[in-house]
$ cat run.cif   # mmCIF, C-alpha atoms
data_query
loop_
_atom_site.group_PDB
_atom_site.id
_atom_site.type_symbol
_atom_site.label_atom_id
_atom_site.label_comp_id
_atom_site.auth_asym_id
_atom_site.auth_seq_id
_atom_site.Cartn_x
_atom_site.Cartn_y
_atom_site.Cartn_z
ATOM 1 C CA MET A 1 117.390 128.232 147.196
ATOM 2 C CA ASP A 2 115.022 127.442 150.004
ATOM 3 C CA SER A 3 113.178 124.182 150.623
ATOM 4 C CA VAL A 4 109.918 125.506 149.112
ATOM 5 C CA GLY A 5 111.693 126.303 145.851
ATOM 6 C CA ILE A 6 113.294 122.866 145.731
ATOM 7 C CA ALA A 7 109.971 121.167 146.422
ATOM 8 C CA SER A 8 108.253 123.293 143.786
ATOM 9 C CA THR A 9 110.912 122.472 141.197
ATOM 10 C CA TYR A 10 110.674 118.776 142.030
ATOM 11 C CA ALA A 11 106.875 118.840 141.692
ATOM 12 C CA LEU A 12 107.038 120.575 138.314
ATOM 13 C CA THR A 13 109.681 118.152 137.045
ATOM 14 C CA SER A 14 107.668 115.194 138.243
ATOM 15 C CA GLN A 15 104.545 116.568 136.591
ATOM 16 C CA ALA A 16 106.364 117.066 133.279
ATOM 17 C CA GLN A 17 107.707 113.503 133.360
ATOM 18 C CA THR A 18 104.243 112.134 134.074
ATOM 19 C CA GLN A 19 102.775 114.151 131.213
ATOM 20 C CA GLN A 20 105.430 112.870 128.811
ATOM 21 C CA ALA A 21 104.814 109.286 129.904
ATOM 22 C CA LEU A 22 101.070 109.680 129.355
ATOM 23 C CA GLN A 23 101.604 111.218 125.920
ATOM 24 C CA SER A 24 103.917 108.378 124.969
ATOM 25 C CA GLU A 25 101.387 105.782 126.101
ATOM 26 C CA MET A 26 98.582 107.498 124.173
ATOM 27 C CA MET A 27 100.724 107.547 121.034
ATOM 28 C CA LYS A 28 101.379 103.816 121.405
ATOM 29 C CA MET A 29 97.652 103.192 121.744
ATOM 30 C CA ALA A 30 96.947 105.264 118.624
ATOM 31 C CA VAL A 31 99.533 103.295 116.654
ATOM 32 C CA GLN A 32 97.952 100.014 117.775
ATOM 33 C CA GLN A 33 94.511 101.229 116.718
ATOM 34 C CA ASP A 34 95.865 102.313 113.336
ATOM 35 C CA ALA A 35 97.515 98.925 112.849
ATOM 36 C CA SER A 36 94.243 97.176 113.703
ATOM 37 C CA LEU A 37 92.391 99.332 111.191
ATOM 38 C CA VAL A 38 94.948 98.587 108.475
ATOM 39 C CA ALA A 39 94.667 94.845 109.177
ATOM 40 C CA LEU A 40 90.869 95.068 108.982
ATOM 41 C CA LEU A 41 91.028 96.921 105.671
ATOM 42 C CA GLN A 42 93.504 94.412 104.240
ATOM 43 C CA GLU A 43 91.280 91.529 105.288
ATOM 44 C CA GLY A 44 88.297 93.224 103.656
ATOM 45 C CA ALA A 45 90.242 93.764 100.438
ATOM 46 C CA GLU A 46 91.304 90.106 100.377
ATOM 47 C CA ASN A 47 87.716 88.989 100.953
ATOM 48 C CA LEU A 48 86.538 91.252 98.150
ATOM 49 C CA GLN A 49 89.128 89.830 95.777
ATOM 50 C CA SER A 50 88.132 86.272 96.605
ATOM 51 C CA ALA A 51 84.454 87.134 96.132
ATOM 52 C CA GLN A 52 85.189 88.623 92.718
ATOM 53 C CA ALA A 53 87.296 85.640 91.651
ATOM 54 C CA ALA A 54 85.889 83.096 89.244
ATOM 55 C CA PRO A 55 83.220 80.892 90.810
ATOM 56 C CA ALA A 56 83.878 77.260 91.504
ATOM 57 C CA PRO A 57 83.168 74.790 88.690
ATOM 58 C CA GLY A 58 79.463 74.155 88.258
ATOM 59 C CA LEU A 59 78.359 77.285 90.074
ATOM 60 C CA GLY A 60 77.614 79.270 86.955
ATOM 61 C CA GLY A 61 79.604 81.624 84.919
ATOM 62 C CA GLN A 62 77.460 81.082 81.886
ATOM 63 C CA VAL A 63 73.745 80.590 81.564
ATOM 64 C CA ASP A 64 72.332 78.253 78.900
ATOM 65 C CA VAL A 65 69.223 79.901 77.483
ATOM 66 C CA THR A 66 68.829 77.717 74.341
ATOM 67 C CA ALA A 67 65.543 76.114 75.312
#
$ encode --input "run.cif" --output "structure tokens"
Amino acid sequence: MDSVGIASTYALTSQAQTQQALQSEMMKMAVQQDASLVALLQEGAENLQSAQAAPAPGLGGQVDVTA
């Protein structure tokens, strides 16, 4: 094998490693975004549940219309 072949093989190997590293980093970023979205949805669901809970005493749950 001549020096050009060795250099070419090294360049291709290096390129493949770089591509794999970039793909791995992009997957990590996607997982972080998904986790953020799940946390946001959970927070929204908790807020909805608390908004649908019974109101505090004196804030109405019944209306007196016997006037």
$ atom_distance --input "run.cif" --atom1 "atom CA of A:Leu40" --atom2 "atom CA of A:Leu22"
27.1 Å
$ atom_distance --input "run.cif" --atom1 "atom CA of A:Ala54" --atom2 "atom CA of A:Leu37"
28.1 Å
$ atom_distance --input "run.cif" --atom1 "atom CA of A:Glu43" --atom2 "atom CA of A:Met29"
21.2 Å
$ build_atoms --input "run.cif" --residues "stretch 29-44 of chain A" --atoms "N, CA and C atoms" --output "JSON list (two decimals), in the coordinates of the input"
[["chain", "number", "residue", "atom", "x", "y", "z"],
["A", 29, "MET", "N", 99.01, 103.69, 121.92],
["A", 29, "MET", "CA", 97.65, 103.19, 121.74],
["A", 29, "MET", "C", 97.10, 103.59, 120.37],
["A", 30, "ALA", "N", 97.40, 104.80, 119.93],
["A", 30, "ALA", "CA", 96.95, 105.26, 118.62],
["A", 30, "ALA", "C", 97.58, 104.44, 117.51],
["A", 31, "VAL", "N", 98.85, 104.11, 117.66],
["A", 31, "VAL", "CA", 99.53, 103.30, 116.65],
["A", 31, "VAL", "C", 98.91, 101.90, 116.60],
["A", 32, "GLN", "N", 98.58, 101.33, 117.75],
["A", 32, "GLN", "CA", 97.95, 100.01, 117.78],
["A", 32, "GLN", "C", 96.58, 100.05, 117.11],
["A", 33, "GLN", "N", 95.82, 101.11, 117.35],
["A", 33, "GLN", "CA", 94.51, 101.23, 116.72],
["A", 33, "GLN", "C", 94.65, 101.37, 115.21],
["A", 34, "ASP", "N", 95.63, 102.15, 114.77],
["A", 34, "ASP", "CA", 95.86, 102.31, 113.34],
["A", 34, "ASP", "C", 96.26, 100.98, 112.70],
["A", 35, "ALA", "N", 97.10, 100.23, 113.38],
["A", 35, "ALA", "CA", 97.52, 98.92, 112.85],
["A", 35, "ALA", "C", 96.32, 97.97, 112.76],
["A", 36, "SER", "N", 95.44, 98.02, 113.73],
["A", 36, "SER", "CA", 94.24, 97.18, 113.70],
["A", 36, "SER", "C", 93.34, 97.57, 112.54],
["A", 37, "LEU", "N", 93.21, 98.86, 112.30],
["A", 37, "LEU", "CA", 92.39, 99.33, 111.19],
["A", 37, "LEU", "C", 92.98, 98.91, 109.85],
["A", 38, "VAL", "N", 94.29, 99.01, 109.71],
["A", 38, "VAL", "CA", 94.95, 98.59, 108.48],
["A", 38, "VAL", "C", 94.74, 97.09, 108.25],
["A", 39, "ALA", "N", 94.88, 96.29, 109.30],
["A", 39, "ALA", "CA", 94.67, 94.84, 109.18],
["A", 39, "ALA", "C", 93.23, 94.55, 108.77],
["A", 40, "LEU", "N", 92.28, 95.27, 109.32],
["A", 40, "LEU", "CA", 90.87, 95.07, 108.98],
["A", 40, "LEU", "C", 90.61, 95.42, 107.52],
["A", 41, "LEU", "N", 91.20, 96.52, 107.07],
["A", 41, "LEU", "CA", 91.03, 96.92, 105.67],
["A", 41, "LEU", "C", 91.68, 95.93, 104.71],
["A", 42, "GLN", "N", 92.85, 95.40, 105.08],
["A", 42, "GLN", "CA", 93.50, 94.41, 104.24],
["A", 42, "GLN", "C", 92.67, 93.14, 104.15],
["A", 43, "GLU", "N", 92.12, 92.72, 105.28],
["A", 43, "GLU", "CA", 91.28, 91.53, 105.29],
["A", 43, "GLU", "C", 90.04, 91.74, 104.42],
["A", 44, "GLY", "N", 89.45, 92.92, 104.49],
["A", 44, "GLY", "CA", 88.30, 93.22, 103.66],
["A", 44, "GLY", "C", 88.65, 93.22, 102.18]]
